[in-house]
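Notes to accompany the following structure.
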Amino acid sequence: MSLLPSTTAAAVEGSAPAISALQPDILEAHILTRLDGPSLASASCAATTLLSLSSQDHLWSEICRSTWPSTSSPRIRQVISTFPGGGPRSFFAHSYPLPDPTPAASASSSPTPPELISGVDIHYKKKLIFTKVEATETVTGWFRCSPFRIDLLDPKDAVPTKIQHPDGGKKCTDLVNDMTLSWILMDPIGGRSVNLSSHRPVSVERHWLSGEVQVRFASILGVDEKNRVQCGIVVACGGSEGGEMQVREVSMEMEDMDGMHLNGRDSLVIFQKALEGKKGNGRNREEEGKRRYMEYLQVKRERKERKLRNEGMLDMLCVAFGVSIFASLCCFIYFRY
């Protein structure tokens with residue numbers, strides 16, 4: 001049954017008079033609350049009335065909670081409230097799209113945050129199977145000098161699910177289509193956030209020894225105009241005695257184009273650039289994330305091949321130089337004696 005039959009047809013056509021004819025409470029309660037984040041952002045551009053209604057904090061707070069259940073925690077709610085330019089609406093605008101891999105031209109002027117807060121949510125077939133909020137300190141020498149890594153589960157921990165553990169290649173491939181992950185990194189002092197996940201997996205592999213299925217998500221971040229790093233997220237899943245899948249590892253690491261792991265100090269610099277840098281528009285983020293990852297692997301492979309060629313040429317030059325020295329020494333001894 002239509003709420004306002006006389007204006008339904010005009011509303012479908014998107015005319016401003018039809019939207020203005022609807023009561024604000026009807027718009028808010030029966031239309032805007034049914035929209036997801038991108039749709040609500042688009043609706044705010046349709047008419048002045050919608051711009052005012054769609055900017056309300058409670059609408060965006062509910063969208064953030066439904067999109068990322070980890071934002072329901074008191075700690076993250078407090079951080080979101082400090083975001084400049086609209087609280088939860090600003091948080092969604094920062095956290096939904098992929099970060100631009102091109103770093104900011106100028107150096108960061110913001111102070112280094114004493115800690116970073118991670119809000120992580122994993123869904124399988126749109127059902128939540130894992131959520132956690134983790135704070136990571138950034139000021140100790142241990143963090144700054146050690147290889148950067150965030151582990152959300154202890155080695156002996158396992159989160160049970162109701163999903164059947166994949167036991168074949170076809171079922172492993174299904175995880176690519178059915179599993180999604182969001183890893184939002186927040187600066188609680190600067191009021192900034194960035195989503196470091198590709199949303200859907202970029203690869204799924206089975207560990208040759210343990211048999212665990214390792215689902216990889218990734219975000220490609222910029223160091224400078226030429227160099228990129230991979231922020232890799234691994235979800236390791238094993239099987240229980242009853243055959244159900246268990247989440248046994250959720251971790252993040254930073255790796256450069258030579259395959260070397262970055263330490264905490266260097267990772268923090270790159271995170272600050274990502275937090276302050278441009279974001280995409282959120283469209284086709286799954287395809288875009290996979291495309292960036294494949295391009296990164298291609299550049300990394302070409303870089304490795306070029307390095308091997310250079311090392312091979314250097315080895316040949318060293319051998320030739322050694323042979324020439326040996327020949328010269330032999331000639332010197334022969335003609336002298």
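Here, A, B, ... name the chains of the structure tokens in the order displayed, residue numbers run from 1 inside each chain, and ligands are numbered from 1 in the same displayed order.
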Can you list every residue in range 84-308 of chain A that DSSP puts in strand (DSSP E), as a ChimeraX atom specification? /A:115-124,127-137,149-151,159-164,179-187,192-195,203-206,213-222,228-239,244-255
Written selection (C-alpha atoms) as a PDB file, in the first residue's frame:
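selection.pdb was written with the following content:
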```pdb
ATOM      1  CA  GLU A 115      47.971   4.436  19.048  1.00  0.00           C
ATOM      2  CA  LEU A 116      46.025   3.133  16.082  1.00  0.00           C
ATOM      3  CA  ILE A 117      42.607   1.546  16.463  1.00  0.00           C
ATOM      4  CA  SER A 118      41.479  -1.265  14.176  1.00  0.00           C
ATOM      5  CA  GLY A 119      37.850  -2.182  13.610  1.00  0.00           C
ATOM      6  CA  VAL A 120      37.649  -5.535  11.810  1.00  0.00           C
ATOM      7  CA  ASP A 121      34.549  -7.306  10.486  1.00  0.00           C
ATOM      8  CA  ILE A 122      34.382 -10.534   8.466  1.00  0.00           C
ATOM      9  CA  HIS A 123      31.178 -11.670   6.769  1.00  0.00           C
ATOM     10  CA  TYR A 124      30.396 -14.912   4.987  1.00  0.00           C
ATOM     11  CA  LYS A 127      26.440 -13.096   7.846  1.00  0.00           C
ATOM     12  CA  LEU A 128      28.887 -11.862  10.465  1.00  0.00           C
ATOM     13  CA  ILE A 129      31.403 -14.538  11.513  1.00  0.00           C
ATOM     14  CA  PHE A 130      34.080 -12.374  13.178  1.00  0.00           C
ATOM     15  CA  THR A 131      34.321  -8.881  14.627  1.00  0.00           C
ATOM     16  CA  LYS A 132      36.936  -7.286  16.842  1.00  0.00           C
ATOM     17  CA  VAL A 133      38.325  -3.930  17.936  1.00  0.00           C
ATOM     18  CA  GLU A 134      42.086  -3.776  18.539  1.00  0.00           C
ATOM     19  CA  ALA A 135      44.293  -0.913  19.768  1.00  0.00           C
ATOM     20  CA  THR A 136      47.957  -0.883  18.690  1.00  0.00           C
ATOM     21  CA  GLU A 137      50.459   1.387  20.430  1.00  0.00           C
ATOM     22  CA  ARG A 149      52.332  -7.066  12.317  1.00  0.00           C
ATOM     23  CA  ILE A 150      48.922  -6.977  13.965  1.00  0.00           C
ATOM     24  CA  ASP A 151      47.474 -10.292  15.172  1.00  0.00           C
ATOM     25  CA  VAL A 159      36.569 -18.646  16.435  1.00  0.00           C
ATOM     26  CA  PRO A 160      33.929 -21.261  15.536  1.00  0.00           C
ATOM     27  CA  THR A 161      31.508 -20.718  12.670  1.00  0.00           C
ATOM     28  CA  LYS A 162      28.554 -22.641  11.260  1.00  0.00           C
ATOM     29  CA  ILE A 163      30.199 -22.853   7.850  1.00  0.00           C
ATOM     30  CA  GLN A 164      31.317 -26.180   6.446  1.00  0.00           C
ATOM     31  CA  MET A 179      33.631 -13.852   2.129  1.00  0.00           C
ATOM     32  CA  THR A 180      34.116 -10.128   2.695  1.00  0.00           C
ATOM     33  CA  LEU A 181      36.400  -8.340   5.140  1.00  0.00           C
ATOM     34  CA  SER A 182      36.678  -4.772   6.352  1.00  0.00           C
ATOM     35  CA  TRP A 183      39.727  -3.542   8.280  1.00  0.00           C
ATOM     36  CA  ILE A 184      39.275   0.104   9.235  1.00  0.00           C
ATOM     37  CA  LEU A 185      42.344   1.766  10.722  1.00  0.00           C
ATOM     38  CA  MET A 186      41.592   4.848  12.813  1.00  0.00           C
ATOM     39  CA  ASP A 187      43.652   7.730  14.149  1.00  0.00           C
ATOM     40  CA  ARG A 192      40.718  10.114  10.444  1.00  0.00           C
ATOM     41  CA  SER A 193      40.201   6.593   9.137  1.00  0.00           C
ATOM     42  CA  VAL A 194      41.021   4.406   6.154  1.00  0.00           C
ATOM     43  CA  ASN A 195      39.815   0.977   5.066  1.00  0.00           C
ATOM     44  CA  SER A 203      43.607 -14.899  -3.498  1.00  0.00           C
ATOM     45  CA  VAL A 204      42.707 -18.124  -1.677  1.00  0.00           C
ATOM     46  CA  GLU A 205      45.311 -20.836  -1.049  1.00  0.00           C
ATOM     47  CA  ARG A 206      45.547 -24.003   1.012  1.00  0.00           C
ATOM     48  CA  VAL A 213      42.770 -22.284   3.932  1.00  0.00           C
ATOM     49  CA  GLN A 214      44.481 -18.887   3.769  1.00  0.00           C
ATOM     50  CA  VAL A 215      42.273 -16.126   2.418  1.00  0.00           C
ATOM     51  CA  ARG A 216      44.213 -12.991   1.448  1.00  0.00           C
ATOM     52  CA  PHE A 217      42.913  -9.442   1.252  1.00  0.00           C
ATOM     53  CA  ALA A 218      45.151  -6.553   0.281  1.00  0.00           C
ATOM     54  CA  SER A 219      45.419  -2.820  -0.187  1.00  0.00           C
ATOM     55  CA  ILE A 220      48.123  -1.177  -2.290  1.00  0.00           C
ATOM     56  CA  LEU A 221      49.511   1.994  -0.697  1.00  0.00           C
ATOM     57  CA  GLY A 222      51.955   4.544  -2.050  1.00  0.00           C
ATOM     58  CA  ARG A 228      54.201   0.929  -3.690  1.00  0.00           C
ATOM     59  CA  VAL A 229      53.752  -1.383  -0.711  1.00  0.00           C
ATOM     60  CA  GLN A 230      51.245  -4.113  -0.031  1.00  0.00           C
ATOM     61  CA  CYS A 231      49.188  -4.014   3.134  1.00  0.00           C
ATOM     62  CA  GLY A 232      48.336  -7.698   3.307  1.00  0.00           C
ATOM     63  CA  ILE A 233      45.586  -9.184   5.458  1.00  0.00           C
ATOM     64  CA  VAL A 234      45.433 -12.959   5.941  1.00  0.00           C
ATOM     65  CA  VAL A 235      42.478 -14.920   7.323  1.00  0.00           C
ATOM     66  CA  ALA A 236      43.462 -18.515   8.077  1.00  0.00           C
ATOM     67  CA  CYS A 237      40.607 -21.002   8.408  1.00  0.00           C
ATOM     68  CA  GLY A 238      40.818 -24.577   9.639  1.00  0.00           C
ATOM     69  CA  GLY A 239      38.346 -27.348  10.259  1.00  0.00           C
ATOM     70  CA  GLU A 244      32.818 -26.734  10.677  1.00  0.00           C
ATOM     71  CA  MET A 245      35.194 -23.971   9.656  1.00  0.00           C
ATOM     72  CA  GLN A 246      37.113 -22.106  12.369  1.00  0.00           C
ATOM     73  CA  VAL A 247      38.803 -18.734  12.027  1.00  0.00           C
ATOM     74  CA  ARG A 248      42.297 -19.315  13.441  1.00  0.00           C
ATOM     75  CA  GLU A 249      44.234 -16.267  12.280  1.00  0.00           C
ATOM     76  CA  VAL A 250      43.455 -12.692  11.292  1.00  0.00           C
ATOM     77  CA  SER A 251      46.632 -10.698  10.757  1.00  0.00           C
ATOM     78  CA  MET A 252      48.054  -7.718   8.911  1.00  0.00           C
ATOM     79  CA  GLU A 253      51.584  -7.120   7.589  1.00  0.00           C
ATOM     80  CA  MET A 254      53.306  -4.584   5.332  1.00  0.00           C
ATOM     81  CA  GLU A 255      55.543  -5.723   2.478  1.00  0.00           C
TER      82      GLU A 255
END
```
Excluding Arg77 in chain A and any residue of its chain fewer than 5 positions from it, enumerate the residues within 10 Å of it, using only C-alpha atoms, and give them as a PyMOL selection string. chain A and resi 61+64-65+70-72+82+87-88
Selection file, N, CA, C and O atoms, as a PDB file, in the first residue's frame:
```pdb
ATOM      1  N   SER A  61      24.839   6.858  11.750  1.00  0.00           N
ATOM      2  CA  SER A  61      25.289   5.963  12.818  1.00  0.00           C
ATOM      3  C   SER A  61      24.735   4.563  12.620  1.00  0.00           C
ATOM      4  O   SER A  61      25.447   3.559  12.786  1.00  0.00           O
ATOM      5  N   CYS A  64      26.555   2.922   9.694  1.00  0.00           N
ATOM      6  CA  CYS A  64      27.890   2.460  10.098  1.00  0.00           C
ATOM      7  C   CYS A  64      27.795   1.166  10.901  1.00  0.00           C
ATOM      8  O   CYS A  64      28.592   0.243  10.699  1.00  0.00           O
ATOM      9  N   ARG A  65      26.825   1.081  11.812  1.00  0.00           N
ATOM     10  CA  ARG A  65      26.678  -0.135  12.635  1.00  0.00           C
ATOM     11  C   ARG A  65      26.264  -1.329  11.791  1.00  0.00           C
ATOM     12  O   ARG A  65      26.737  -2.451  12.024  1.00  0.00           O
ATOM     13  N   SER A  70      31.626  -3.697  14.173  1.00  0.00           N
ATOM     14  CA  SER A  70      32.639  -3.308  15.158  1.00  0.00           C
ATOM     15  C   SER A  70      32.479  -1.864  15.611  1.00  0.00           C
ATOM     16  O   SER A  70      32.947  -1.494  16.693  1.00  0.00           O
ATOM     17  N   THR A  71      31.802  -1.033  14.798  1.00  0.00           N
ATOM     18  CA  THR A  71      31.616   0.369  15.180  1.00  0.00           C
ATOM     19  C   THR A  71      30.610   0.527  16.310  1.00  0.00           C
ATOM     20  O   THR A  71      30.410   1.642  16.800  1.00  0.00           O
ATOM     21  N   SER A  72      29.978  -0.575  16.723  1.00  0.00           N
ATOM     22  CA  SER A  72      29.052  -0.497  17.863  1.00  0.00           C
ATOM     23  C   SER A  72      29.783  -0.425  19.193  1.00  0.00           C
ATOM     24  O   SER A  72      29.163  -0.118  20.220  1.00  0.00           O
ATOM     25  N   THR A  82      34.235  12.317  17.233  1.00  0.00           N
ATOM     26  CA  THR A  82      35.214  13.405  17.126  1.00  0.00           C
ATOM     27  C   THR A  82      35.589  13.720  15.682  1.00  0.00           C
ATOM     28  O   THR A  82      36.363  14.650  15.449  1.00  0.00           O
ATOM     29  N   GLY A  87      30.800  13.776  12.025  1.00  0.00           N
ATOM     30  CA  GLY A  87      30.773  12.574  12.838  1.00  0.00           C
ATOM     31  C   GLY A  87      30.643  11.310  12.017  1.00  0.00           C
ATOM     32  O   GLY A  87      31.514  10.976  11.212  1.00  0.00           O
ATOM     33  N   PRO A  88      29.554  10.539  12.201  1.00  0.00           N
ATOM     34  CA  PRO A  88      29.408   9.256  11.493  1.00  0.00           C
ATOM     35  C   PRO A  88      29.354   9.389   9.975  1.00  0.00           C
ATOM     36  O   PRO A  88      29.812   8.511   9.262  1.00  0.00           O
TER      37      PRO A  88
END
```
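For the atom pair formed by CA of Arg283 in chain A and CA of Glu295 in chain A, the distance is 18.8 Å, given to one decimal.
Proximity of A:Met294, A:Phe148, A:Val79, A:Ile26 to Leu53 in chain A, computed with only C-alpha atoms, is greatest for A:Ile26.
Interatomic distance, CA of His58 in chain A to CA of Arg75 in chain A: 17.4 Å.
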Shell around Tyr96 in chain A at 7 Å using only C-alpha atoms, local window under 2 positions removed, as number ranges by chain: A: 92-94, 98, 195, 282
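Of the residues under consideration (A:Ser95, A:Ser198, A:Ser42, A:Thr67), A:Ser198 shows the shortest atom-to-atom contact distance to Glu287 in chain A when counting only C-alpha atoms.
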Rank nothing, just name the residue among A:Ser240, A:Thr33, A:Thr49, A:Asn227 nearest to Pro101 in chain A, using only C-alpha atoms. A:Asn227
For Ser146 in chain A, find every residue with an atom within 12 Å (counting only C-alpha atoms), except residues of its own chain fewer than 6 positions away, and show them as a count of residues only. 11
